[in-house]
file target.pdb (PDB, C-alpha atoms (C1' of nucleotides))
ATOM      1  CA  MET N1285      15.114  13.530  33.767
ATOM      2  CA  THR N1286      14.496   9.906  33.038
ATOM      3  CA  ALA N1287      11.997   9.065  30.362
ATOM      4  CA  PRO N1288       9.732   6.082  30.832
ATOM      5  CA  THR N1289      10.607   3.012  28.822
ATOM      6  CA  LEU N1290       8.456   0.321  27.334
ATOM      7  CA  PRO N1291       9.197  -3.180  28.573
ATOM      8  CA  PRO N1292       9.383  -5.764  25.819
ATOM      9  CA  HIS N1293       6.190  -7.741  25.533
ATOM     10  CA  SER N1294       7.253 -11.350  25.529
ATOM     11  CA  ASP N1295       3.708 -12.347  24.684
ATOM     12  CA  PRO N1296       1.557  -9.447  23.546
ATOM     13  CA  THR N1297      -1.444 -11.739  23.387
ATOM     14  CA  THR N1298      -1.679 -12.057  27.131
ATOM     15  CA  THR N1299       0.181  -9.073  28.550
ATOM     16  CA  ALA N1300      -1.761  -6.191  30.016
ATOM     17  CA  PRO N1301      -2.486  -3.059  27.994
ATOM     18  CA  ALA N1302       0.285  -0.517  27.801
ATOM     19  CA  PRO N1303       0.076   2.008  30.634
ATOM     20  CA  GLY N1304      -1.718   5.245  29.845
ATOM     21  CA  PRO N1305       0.978   7.723  30.868
ATOM     22  CA  LEU N1306       3.504   5.963  28.681
ATOM     23  CA  GLY N1307       1.160   6.011  25.726
ATOM     24  CA  GLU N1308       0.610   9.704  26.259
ATOM     25  CA  THR N1309       4.363  10.250  26.235
ATOM     26  CA  LEU N1310       4.626   8.464  22.890
ATOM     27  CA  HIS N1311       1.713  10.417  21.441
ATOM     28  CA  THR N1312       3.104  13.750  22.560
ATOM     29  CA  GLN N1313       6.597  13.149  21.242
ATOM     30  CA  VAL N1314       5.646  11.525  17.940
ATOM     31  CA  ILE N1315       2.960  14.106  17.194
ATOM     32  CA  GLY N1316       5.361  16.883  18.152
ATOM     33  CA  TRP N1317       7.929  15.464  15.764
ATOM     34  CA  PHE N1318       5.260  15.205  13.073
ATOM     35  CA  ASP N1319       4.353  18.873  13.517
ATOM     36  CA  ASP N1320       7.930  19.790  12.567
ATOM     37  CA  ASN N1321       8.719  17.085  10.004
ATOM     38  CA  ALA N1322       5.564  16.100   8.145
ATOM     39  CA  ARG N1323       5.937  16.130   4.374
ATOM     40  CA  ASP N1324       3.728  18.538   2.495
ATOM     41  CA  LEU N1325       1.805  15.986   0.419
ATOM     42  CA  PRO N1326      -1.158  17.032  -1.743
ATOM     43  CA  TRP N1327      -3.571  14.540  -0.178
ATOM     44  CA  ARG N1328      -2.850  16.038   3.243
ATOM     45  CA  ARG N1329      -4.081  19.476   2.235
ATOM     46  CA  PRO N1330      -7.632  20.409   3.159
ATOM     47  CA  GLU N1331      -8.640  20.877  -0.475
ATOM     48  CA  ALA N1332      -7.898  17.213  -1.212
ATOM     49  CA  GLY N1333     -11.148  16.182   0.451
ATOM     50  CA  ALA N1334     -12.204  12.620   1.157
ATOM     51  CA  TRP N1335     -11.995  11.657  -2.512
ATOM     52  CA  GLY N1336      -8.395  12.870  -2.729
ATOM     53  CA  VAL N1337      -7.524  10.949   0.418
ATOM     54  CA  MET N1338      -9.176   7.829  -0.937
ATOM     55  CA  VAL N1339      -7.457   8.038  -4.329
ATOM     56  CA  SER N1340      -4.092   8.526  -2.633
ATOM     57  CA  GLU N1341      -4.653   5.501  -0.402
ATOM     58  CA  PHE N1342      -5.391   3.270  -3.379
ATOM     59  CA  MET N1343      -2.294   4.485  -5.188
ATOM     60  CA  LEU N1344      -0.043   4.216  -2.157
ATOM     61  CA  GLN N1345      -0.799   0.541  -1.583
ATOM     62  CA  GLN N1346       2.635  -1.042  -2.046
ATOM     63  CA  THR N1347       3.831   1.950  -4.033
ATOM     64  CA  PRO N1348       6.306   4.720  -3.060
ATOM     65  CA  VAL N1349       5.133   8.315  -2.636
ATOM     66  CA  SER N1350       7.495   9.619  -5.312
ATOM     67  CA  ARG N1351       5.874   7.493  -7.997
ATOM     68  CA  VAL N1352       2.344   8.292  -6.845
ATOM     69  CA  LEU N1353       2.659  12.093  -6.861
ATOM     70  CA  PRO N1354       2.423  12.813 -10.623
ATOM     71  CA  VAL N1355      -0.290  10.228 -11.282
ATOM     72  CA  TYR N1356      -2.317  11.504  -8.327
ATOM     73  CA  GLU N1357      -2.254  15.076  -9.642
ATOM     74  CA  GLN N1358      -3.375  14.020 -13.110
ATOM     75  CA  TRP N1359      -6.077  11.760 -11.709
ATOM     76  CA  LEU N1360      -7.638  14.392  -9.459
ATOM     77  CA  SER N1361      -7.440  16.960 -12.211
ATOM     78  CA  ARG N1362      -9.234  14.680 -14.650
ATOM     79  CA  TRP N1363     -11.718  13.139 -12.194
ATOM     80  CA  PRO N1364     -12.214  15.637  -9.344
ATOM     81  CA  ARG N1365     -15.245  13.777  -7.976
ATOM     82  CA  PRO N1366     -16.183  10.076  -7.758
ATOM     83  CA  ALA N1367     -19.029  10.596 -10.246
ATOM     84  CA  ASP N1368     -16.561  11.882 -12.841
ATOM     85  CA  LEU N1369     -14.610   8.638 -12.718
ATOM     86  CA  ALA N1370     -17.758   6.531 -12.530
ATOM     87  CA  LYS N1371     -18.841   7.858 -15.932
ATOM     88  CA  GLU N1372     -15.650   6.622 -17.597
ATOM     89  CA  ALA N1373     -14.928   3.214 -19.047
ATOM     90  CA  PRO N1374     -12.919   1.130 -16.575
ATOM     91  CA  GLY N1375     -10.213   0.784 -19.215
ATOM     92  CA  GLU N1376      -9.608   4.534 -19.016
ATOM     93  CA  ALA N1377      -8.816   4.150 -15.319
ATOM     94  CA  VAL N1378      -6.389   1.349 -16.151
ATOM     95  CA  ARG N1379      -4.748   3.524 -18.796
ATOM     96  CA  ALA N1380      -4.449   6.534 -16.503
ATOM     97  CA  TRP N1381      -2.957   4.283 -13.823
ATOM     98  CA  GLY N1382       0.121   4.156 -16.037
ATOM     99  CA  ARG N1383       3.056   2.288 -14.588
ATOM    100  CA  LEU N1384       2.071   2.489 -10.926
ATOM    101  CA  GLY N1385       1.818  -1.283 -10.784
ATOM    102  CA  TYR N1386      -0.898  -3.658  -9.550
ATOM    103  CA  PRO N1387      -3.388  -2.329 -12.132
ATOM    104  CA  ARG N1388      -6.261  -4.215 -10.533
ATOM    105  CA  ARG N1389      -6.227  -1.317  -8.078
ATOM    106  CA  ALA N1390      -7.305   0.981 -10.921
ATOM    107  CA  LEU N1391     -10.204  -1.299 -11.727
ATOM    108  CA  ARG N1392     -11.224  -1.451  -8.076
ATOM    109  CA  LEU N1393     -10.943   2.312  -7.652
ATOM    110  CA  HIS N1394     -13.232   2.720 -10.647
ATOM    111  CA  GLY N1395     -15.607   0.178  -9.124
ATOM    112  CA  ALA N1396     -15.531   2.043  -5.835
ATOM    113  CA  ALA N1397     -16.368   5.292  -7.625
ATOM    114  CA  VAL N1398     -19.363   3.620  -9.275
ATOM    115  CA  ALA N1399     -20.563   2.246  -5.934
ATOM    116  CA  ILE N1400     -20.114   5.630  -4.246
ATOM    117  CA  THR N1401     -22.114   7.285  -7.004
ATOM    118  CA  GLU N1402     -24.905   4.710  -6.877
ATOM    119  CA  ARG N1403     -25.114   4.020  -3.154
ATOM    120  CA  HIS N1404     -23.799   7.135  -1.422
ATOM    121  CA  GLY N1405     -24.977  10.018  -3.548
ATOM    122  CA  GLY N1406     -21.497  10.651  -4.916
ATOM    123  CA  ASP N1407     -19.888  11.331  -1.543
ATOM    124  CA  VAL N1408     -17.162   9.116  -0.088
ATOM    125  CA  PRO N1409     -18.848   7.480   2.905
ATOM    126  CA  ALA N1410     -17.543   8.282   6.368
ATOM    127  CA  GLU N1411     -18.495   5.062   8.105
ATOM    128  CA  HIS N1412     -15.811   2.439   8.411
ATOM    129  CA  ALA N1413     -18.217  -0.381   7.535
ATOM    130  CA  GLN N1414     -19.411   1.391   4.399
ATOM    131  CA  LEU N1415     -15.858   2.064   3.286
ATOM    132  CA  LEU N1416     -14.927  -1.566   3.924
ATOM    133  CA  ALA N1417     -17.744  -2.685   1.633
ATOM    134  CA  LEU N1418     -16.224  -0.860  -1.349
ATOM    135  CA  PRO N1419     -14.028  -2.801  -3.787
ATOM    136  CA  GLY N1420     -10.316  -2.474  -3.109
ATOM    137  CA  ILE N1421     -10.804  -1.188   0.426
ATOM    138  CA  GLY N1422      -9.638  -3.444   3.222
ATOM    139  CA  GLU N1423      -9.099  -2.955   6.918
ATOM    140  CA  TYR N1424      -6.191  -0.562   6.545
ATOM    141  CA  THR N1425      -7.640   1.675   3.824
ATOM    142  CA  ALA N1426     -11.027   1.944   5.527
ATOM    143  CA  ALA N1427      -9.367   3.075   8.744
ATOM    144  CA  ALA N1428      -7.044   5.447   6.885
ATOM    145  CA  VAL N1429      -9.845   7.212   4.985
ATOM    146  CA  ALA N1430     -12.064   7.442   8.073
ATOM    147  CA  SER N1431      -9.161   8.826  10.085
ATOM    148  CA  PHE N1432      -7.414  11.132   7.604
ATOM    149  CA  ALA N1433     -10.467  12.404   5.748
ATOM    150  CA  TYR N1434     -13.027  12.466   8.548
ATOM    151  CA  GLY N1435     -10.917  12.768  11.687
ATOM    152  CA  GLN N1436     -12.261   9.621  13.272
ATOM    153  CA  ARG N1437     -10.610   7.420  15.884
ATOM    154  CA  HIS N1438      -9.337   4.196  14.313
ATOM    155  CA  ALA N1439      -6.276   2.005  14.657
ATOM    156  CA  VAL N1440      -4.526   2.641  11.339
ATOM    157  CA  LEU N1441      -2.226  -0.329  11.073
ATOM    158  CA  ASP N1442      -0.081  -0.186   7.972
ATOM    159  CA  THR N1443       3.389  -1.592   7.456
ATOM    160  CA  ASN N1444       5.004   1.572   8.853
ATOM    161  CA  VAL N1445       3.000   1.603  12.058
ATOM    162  CA  ARG N1446       3.473  -2.147  12.495
ATOM    163  CA  ARG N1447       7.231  -1.676  12.282
ATOM    164  CA  VAL N1448       7.240   1.260  14.713
ATOM    165  CA  LEU N1449       5.205  -0.705  17.257
ATOM    166  CA  ALA N1450       7.277  -3.852  16.742
ATOM    167  CA  ARG N1451      10.409  -1.916  17.613
ATOM    168  CA  ALA N1452       9.287   0.672  20.145
ATOM    169  CA  VAL N1453       6.946  -1.582  22.139
ATOM    170  CA  THR N1454       7.576  -5.241  21.382
ATOM    171  CA  GLY N1455      11.328  -4.870  21.035
ATOM    172  CA  VAL N1456      11.893  -6.726  17.768
ATOM    173  CA  ARG N1457      13.326  -5.532  14.469
ATOM    174  CA  TYR N1458      10.406  -6.561  12.265
ATOM    175  CA  PRO N1459       6.708  -7.315  12.759
ATOM    176  CA  PRO N1460       5.330 -10.733  11.729
ATOM    177  CA  ASN N1461       4.745 -11.445   8.033
ATOM    178  CA  ALA N1462       0.975 -11.174   8.411
ATOM    179  CA  THR N1463      -0.879  -8.821  10.762
ATOM    180  CA  THR N1464      -1.783 -10.629  13.986
ATOM    181  CA  ALA N1465      -4.542 -10.206  16.527
ATOM    182  CA  ALA N1466      -1.886  -9.196  19.038
ATOM    183  CA  GLU N1467      -0.795  -6.318  16.828
ATOM    184  CA  ARG N1468      -4.369  -5.102  16.432
ATOM    185  CA  ARG N1469      -4.892  -5.293  20.170
ATOM    186  CA  LEU N1470      -1.708  -3.359  20.817
ATOM    187  CA  ALA N1471      -2.623  -0.681  18.275
ATOM    188  CA  ARG N1472      -6.067  -0.272  19.850
ATOM    189  CA  THR N1473      -4.529  -0.073  23.317
ATOM    190  CA  LEU N1474      -2.234   2.729  22.219
ATOM    191  CA  LEU N1475      -4.984   4.705  20.501
ATOM    192  CA  PRO N1476      -5.474   8.171  22.040
ATOM    193  CA  GLU N1477      -8.874   8.732  23.601
ATOM    194  CA  ASP N1478     -10.109  11.704  21.645
ATOM    195  CA  ASP N1479     -10.754  11.634  17.907
ATOM    196  CA  ARG N1480      -8.528  14.508  16.944
ATOM    197  CA  THR N1481      -5.464  13.204  18.760
ATOM    198  CA  ALA N1482      -6.081   9.679  17.499
ATOM    199  CA  ALA N1483      -6.157  10.874  13.897
ATOM    200  CA  ARG N1484      -3.013  12.912  14.457
ATOM    201  CA  TRP N1485      -1.294   9.928  16.060
ATOM    202  CA  ALA N1486      -2.214   7.707  13.107
ATOM    203  CA  ALA N1487      -0.641  10.070  10.574
ATOM    204  CA  ALA N1488       2.352  10.806  12.783
ATOM    205  CA  SER N1489       3.248   7.200  13.582
ATOM    206  CA  MET N1490       2.976   6.300   9.894
ATOM    207  CA  GLU N1491       5.246   9.176   8.941
ATOM    208  CA  LEU N1492       7.773   8.155  11.581
ATOM    209  CA  GLY N1493       7.939   4.687  10.073
ATOM    210  CA  ALA N1494       8.237   6.082   6.567
ATOM    211  CA  LEU N1495      10.974   8.639   7.271
ATOM    212  CA  VAL N1496      12.909   7.547  10.372
ATOM    213  CA  CYS N1497      12.021   4.072  11.606
ATOM    214  CA  THR N1498      12.568   2.556   8.174
ATOM    215  CA  ALA N1499      12.940  -1.111   7.299
ATOM    216  CA  LYS N1500      16.598  -0.689   6.419
ATOM    217  CA  ASN N1501      19.060   1.946   7.647
ATOM    218  CA  GLU N1502      16.801   3.199  10.399
ATOM    219  CA  SER N1503      17.803   6.579  11.791
ATOM    220  CA  CYS N1504      17.518   6.313  15.571
ATOM    221  CA  ALA N1505      19.503   9.532  16.001
ATOM    222  CA  ARG N1506      16.552  11.444  14.559
ATOM    223  CA  CYS N1507      13.856   9.456  16.355
ATOM    224  CA  PRO N1508      11.737  11.328  18.904
ATOM    225  CA  ILE N1509      11.104   8.168  20.948
ATOM    226  CA  ALA N1510      14.557   6.595  20.758
ATOM    227  CA  ALA N1511      14.859   6.952  24.544
ATOM    228  CA  HIS N1512      11.811   4.703  25.010
ATOM    229  CA  CYS N1513      12.358   2.246  22.183
ATOM    230  CA  ALA N1514      12.413  -1.329  23.494
ATOM    231  CA  TRP N1515      14.301  -2.612  20.454
ATOM    232  CA  ARG N1516      17.045   0.000  20.680
ATOM    233  CA  LEU N1517      17.353  -0.432  24.450
ATOM    234  CA  ALA N1518      17.763  -4.167  23.920
ATOM    235  CA  GLY N1519      20.736  -3.509  21.653
ATOM    236  CA  LYS N1520      18.825  -3.740  18.373
ATOM    237  CA  PRO N1521      18.821  -7.528  18.135
ATOM    238  CA  GLU N1522      18.618  -9.055  14.682
ATOM    239  CA  HIS N1523      15.410 -10.531  13.313
ATOM    240  CA  GLU N1524      14.496 -13.981  14.568
ATOM    241  CA  GLY N1525      12.016 -16.451  13.209
ATOM    242  CA  PRO N1526      10.955 -17.238   9.654
ATOM    243  CA  PRO N1527      12.581 -15.151   6.912
ATOM    244  CA  ARG N1528      10.469 -12.387   5.535
ATOM    245  CA  ARG N1529       8.847 -13.461   2.348
ATOM    246  CA  GLY N1530      10.577 -11.980  -0.641
ATOM    247  CA  GLN N1531       8.931 -11.168  -3.938
ATOM    248  CA  THR N1532      10.231 -12.919  -6.994
ATOM    249  CA  TYR N1533       9.386 -11.262 -10.249
ATOM    250  CA  ALA N1534      11.674 -12.071 -13.166
ATOM    251  CA  GLY N1535      10.145 -14.752 -15.340
ATOM    252  CA  THR N1536       6.810 -14.854 -13.520
ATOM    253  CA  ASP N1537       3.330 -14.464 -14.946
ATOM    254  CA  ARG N1538       3.268 -11.058 -13.305
ATOM    255  CA  GLN N1539       6.063  -9.861 -15.516
ATOM    256  CA  VAL N1540       4.302 -11.155 -18.626
ATOM    257  CA  ARG N1541       1.022  -9.565 -17.566
ATOM    258  CA  GLY N1542       2.841  -6.279 -17.116
ATOM    259  CA  LYS N1543       4.284  -6.431 -20.619
ATOM    260  CA  LEU N1544       0.934  -7.322 -22.185
ATOM    261  CA  LEU N1545      -0.877  -4.549 -20.384
ATOM    262  CA  ALA N1546       1.787  -2.019 -21.339
ATOM    263  CA  VAL N1547       1.058  -2.697 -25.017
ATOM    264  CA  LEU N1548      -2.681  -2.282 -24.482
ATOM    265  CA  ARG N1549      -2.266   0.903 -22.436
ATOM    266  CA  ASP N1550      -0.318   2.524 -25.253
ATOM    267  CA  ALA N1551      -2.758   1.433 -27.956
ATOM    268  CA  HIS N1552      -5.918   3.427 -28.633
ATOM    269  CA  THR N1553      -7.393   0.920 -31.054
ATOM    270  CA  PRO N1554      -7.926  -2.841 -30.568
ATOM    271  CA  VAL N1555      -4.669  -4.775 -30.685
ATOM    272  CA  PRO N1556      -4.259  -7.977 -32.764
ATOM    273  CA  GLN N1557      -3.049 -11.102 -31.034
ATOM    274  CA  ALA N1558       0.139 -11.087 -33.101
ATOM    275  CA  LEU N1559       1.257  -7.829 -31.532
ATOM    276  CA  LEU N1560       0.757  -9.204 -28.038
ATOM    277  CA  ASP N1561       2.632 -12.365 -28.934
ATOM    278  CA  ARG N1562       5.791 -10.342 -29.358
ATOM    279  CA  VAL N1563       6.108  -9.436 -25.678
ATOM    280  CA  TRP N1564       7.007 -12.957 -24.505
ATOM    281  CA  HIS N1565       8.614 -15.901 -26.250
ATOM    282  CA  GLU N1566       7.048 -18.752 -24.305
ATOM    283  CA  PRO N1567       3.534 -19.423 -25.717
ATOM    284  CA  VAL N1568       2.057 -21.373 -22.800
ATOM    285  CA  GLN N1569       2.947 -18.771 -20.206
ATOM    286  CA  ARG N1570       1.985 -15.983 -22.561
ATOM    287  CA  ALA N1571      -1.474 -17.452 -23.080
ATOM    288  CA  ARG N1572      -1.920 -18.067 -19.360
ATOM    289  CA  ALA N1573      -1.016 -14.460 -18.582
ATOM    290  CA  LEU N1574      -3.447 -13.097 -21.165
ATOM    291  CA  ASP N1575      -6.221 -15.374 -19.941
ATOM    292  CA  GLY N1576      -5.566 -14.164 -16.433
ATOM    293  CA  LEU N1577      -5.864 -10.530 -17.481
ATOM    294  CA  VAL N1578      -9.170 -11.285 -19.213
ATOM    295  CA  ALA N1579     -10.430 -13.189 -16.164
ATOM    296  CA  ASP N1580      -9.500 -10.217 -13.959
ATOM    297  CA  GLY N1581     -11.412  -7.835 -16.201
ATOM    298  CA  LEU N1582      -8.279  -5.911 -17.129
ATOM    299  CA  VAL N1583      -8.467  -6.931 -20.780
ATOM    300  CA  GLU N1584     -11.474  -7.313 -23.056
ATOM    301  CA  PRO N1585     -11.288  -9.880 -25.870
ATOM    302  CA  LEU N1586     -13.021  -9.012 -29.118
ATOM    303  CA  PRO N1587     -14.007 -11.180 -32.068
ATOM    304  CA  GLY N1588     -11.258 -11.762 -34.578
ATOM    305  CA  GLY N1589      -8.401 -12.151 -32.109
ATOM    306  CA  LEU N1590      -8.394  -8.528 -31.031
ATOM    307  CA  TYR N1591      -7.894  -7.183 -27.505
ATOM    308  CA  ARG N1592      -8.347  -3.865 -25.742
ATOM    309  CA  LEU N1593      -8.690  -2.327 -22.297
ATOM    310  CA  PRO N1594     -12.223  -2.910 -20.959
ATOM    311  CA  LEU N1595     -15.003  -0.634 -22.171
ATOM    312  CA  THR N1596     -17.459  -1.887 -19.609
TER
ATOM    313  C1'  DT X1358      -3.740 -18.378   5.300
ATOM    314  C1'  DA X1359      -0.326 -18.393   2.010
ATOM    315  C1'  DG X1360       0.384 -16.877  -2.339
ATOM    316  C1'  DG X1361      -0.684 -14.015  -6.440
ATOM    317  C1'  DC X1362      -0.621  -9.546  -8.004
ATOM    318  C1'  DG X1363       3.533  -4.568 -11.114
ATOM    319  C1'  DT X1364       7.037  -1.492 -11.116
ATOM    320  C1'  DG X1365      11.270   0.772 -10.410
ATOM    321  C1'  DG X1366      14.681   2.824  -7.150
ATOM    322  C1'  DA X1367      18.366   1.947  -3.722
ATOM    323  C1'  DC X1368      22.326  -0.462  -2.348
TER
ATOM    324  C1'  DT A 503      23.807  -8.119 -10.483
ATOM    325  C1'  DG A 504      20.470  -9.600  -7.537
ATOM    326  C1'  DT A 505      17.934  -8.611  -3.506
ATOM    327  C1'  DC A 506      14.999  -5.908  -0.883
ATOM    328  C1'  DC A 507      11.656  -2.716  -0.408
ATOM    329  C1'  DA A 508       7.381   0.624  -1.084
ATOM    330  C1'  DA A 509       0.512   3.769   3.036
ATOM    331  C1'  DG A 510      -2.504  -3.919   0.835
ATOM    332  C1'  DC A 511      -6.296  -6.515  -1.092
ATOM    333  C1'  DC A 512      -8.378 -10.676  -2.372
ATOM    334  C1'  DT A 513      -9.185 -15.571  -2.625
TER
END
call {"tool": "encode", "arguments": {"input": "target.pdb", "output": "structure tokens"}}
result
Amino acid sequence: MTAPTLPPHSDPTTTAPAPGPLGETLHTQVIGWFDDNARDLPWRRPEAGAWGVMVSEFMLQQTPVSRVLPVYEQWLSRWPRPADLAKEAPGEAVRAWGRLGYPRRALRLHGAAVAITERHGGDVPAEHAQLLALPGIGEYTAAAVASFAYGQRHAVLDTNVRRVLARAVTGVRYPPNATTAAERRLARTLLPEDDRTAARWAAASMELGALVCTAKNESCARCPIAAHCAWRLAGKPEHEGPPRRGQTYAGTDRQVRGKLLAVLRDAHTPVPQALLDRVWHEPVQRARALDGLVADGLVEPLPGGLYRLPLT
DNA sequence: TAGGCGTGGAC
DNA sequence: TGTCCAAGCCT
């Protein structure tokens, strides 16, 4: 039997929607693969609830699953409901965040818990627009929580799904640097009609990108839609266009901020300036990094040249 | 909209 | 070793 293939979309902005039968083939095969290969992750279990899903989504932003797992377990154990976290000082959230990286996420998650407690009676809202209004929740996370926690029908367009669609449908190795309107349109076009299948498709296509259709060393031999993949059928052409933006780190303010915050996380009493000065030799950059942390609300300055994680 | 924002594992 | 990468958000 010959499986249908997806023609490359030379211009996804103007091409017609993908045909229904083909989309159904993709859904069936990717969801079938997911049924056999999905990882058993704690936030996918029913007992995780919407709060567990939401916490996991914050932690997983730009952060690998393996590093999230232990922090997630401790977090949910300590703060099983949004109101539990809302009662804490924001600095405690930053401390519990540990070395997950991007600690502003901890501050925003705390802020979201406060907003949920004040505006939504302590329950994670189910409406996409209400989720989007919470701090730290953007287009992706709102769709993910609504889909994974509440079974709704949303295009869940993360980096994994974008890569899967770029390859399988558009026929290129990598998606654009920033999410485009064409990608959103394509994702909506491919969304299954009914809520339950759409939610399943969202989780399954993400998992395929995370485990098989990876950025490097993709494993087409294990891919359930390899027979339809436009990129593979085109001979897996190399990436064209502007180089993908790399992240520099060594010597940046980010590195200095990380070192400063590490000292404050480990301290349970206010820290004198002199102790912070030891993390970085260059005084101008050091001061700029500390000022930035204060401006972001990650560090609270006290009289007498003392600093601590924020109490309010 | 391009760039800032942490951290550590893989190759 | 250095480079790339990991379920983004915000300004």
call {"tool": "resolve_selection", "arguments": {"input": "target.pdb", "expression": "the PyMOL selection byres ((chain X) within 7 of (chain N))", "output": "number ranges by chain"}}
result
X: 1362-1364
call {"tool": "resolve_selection", "arguments": {"input": "target.pdb", "expression": "the PyMOL selection byres ((chain N) within 8 of (chain A))", "output": "PyMOL selection string"}}
result
chain N and resi 1341+1344-1348+1420-1422+1424+1442-1444+1490+1499+1530
call {"tool": "closest_atom_pairs", "arguments": {"input": "target.pdb", "of": "region 1405-1476 of chain N", "to": "region 1360-1380 of chain N", "cutoff": "10 Å", "atoms": "all atoms listed in the file", "output": "JSON lines"}}
result
{"residue": "N:Gly1405", "atom": "CA", "partner": "N:Ala1367", "partner_atom": "CA", "distance": 9.0}
{"residue": "N:Gly1406", "atom": "CA", "partner": "N:Ala1367", "partner_atom": "CA", "distance": 5.9}
{"residue": "N:Asp1407", "atom": "CA", "partner": "N:Pro1366", "partner_atom": "CA", "distance": 7.3}
{"residue": "N:Val1408", "atom": "CA", "partner": "N:Pro1366", "partner_atom": "CA", "distance": 7.8}
call {"tool": "residues_around", "arguments": {"input": "target.pdb", "residues": "Ala1471 (chain N)", "least_positions_apart": "5", "cutoff": "9 Å", "atoms": "only C-alpha atoms (C1' of nucleotides)", "output": "list of chain:residue names"}}
result
N:Ala1439, N:Val1440, N:Leu1441, N:Val1445, N:Arg1446, N:Leu1449, N:Ala1466
call {"tool": "atom_distance", "arguments": {"input": "target.pdb", "atom1": "CA of Pro1527 (chain N)", "atom2": "CA of Val1453 (chain N)"}}
result
21.2 Å
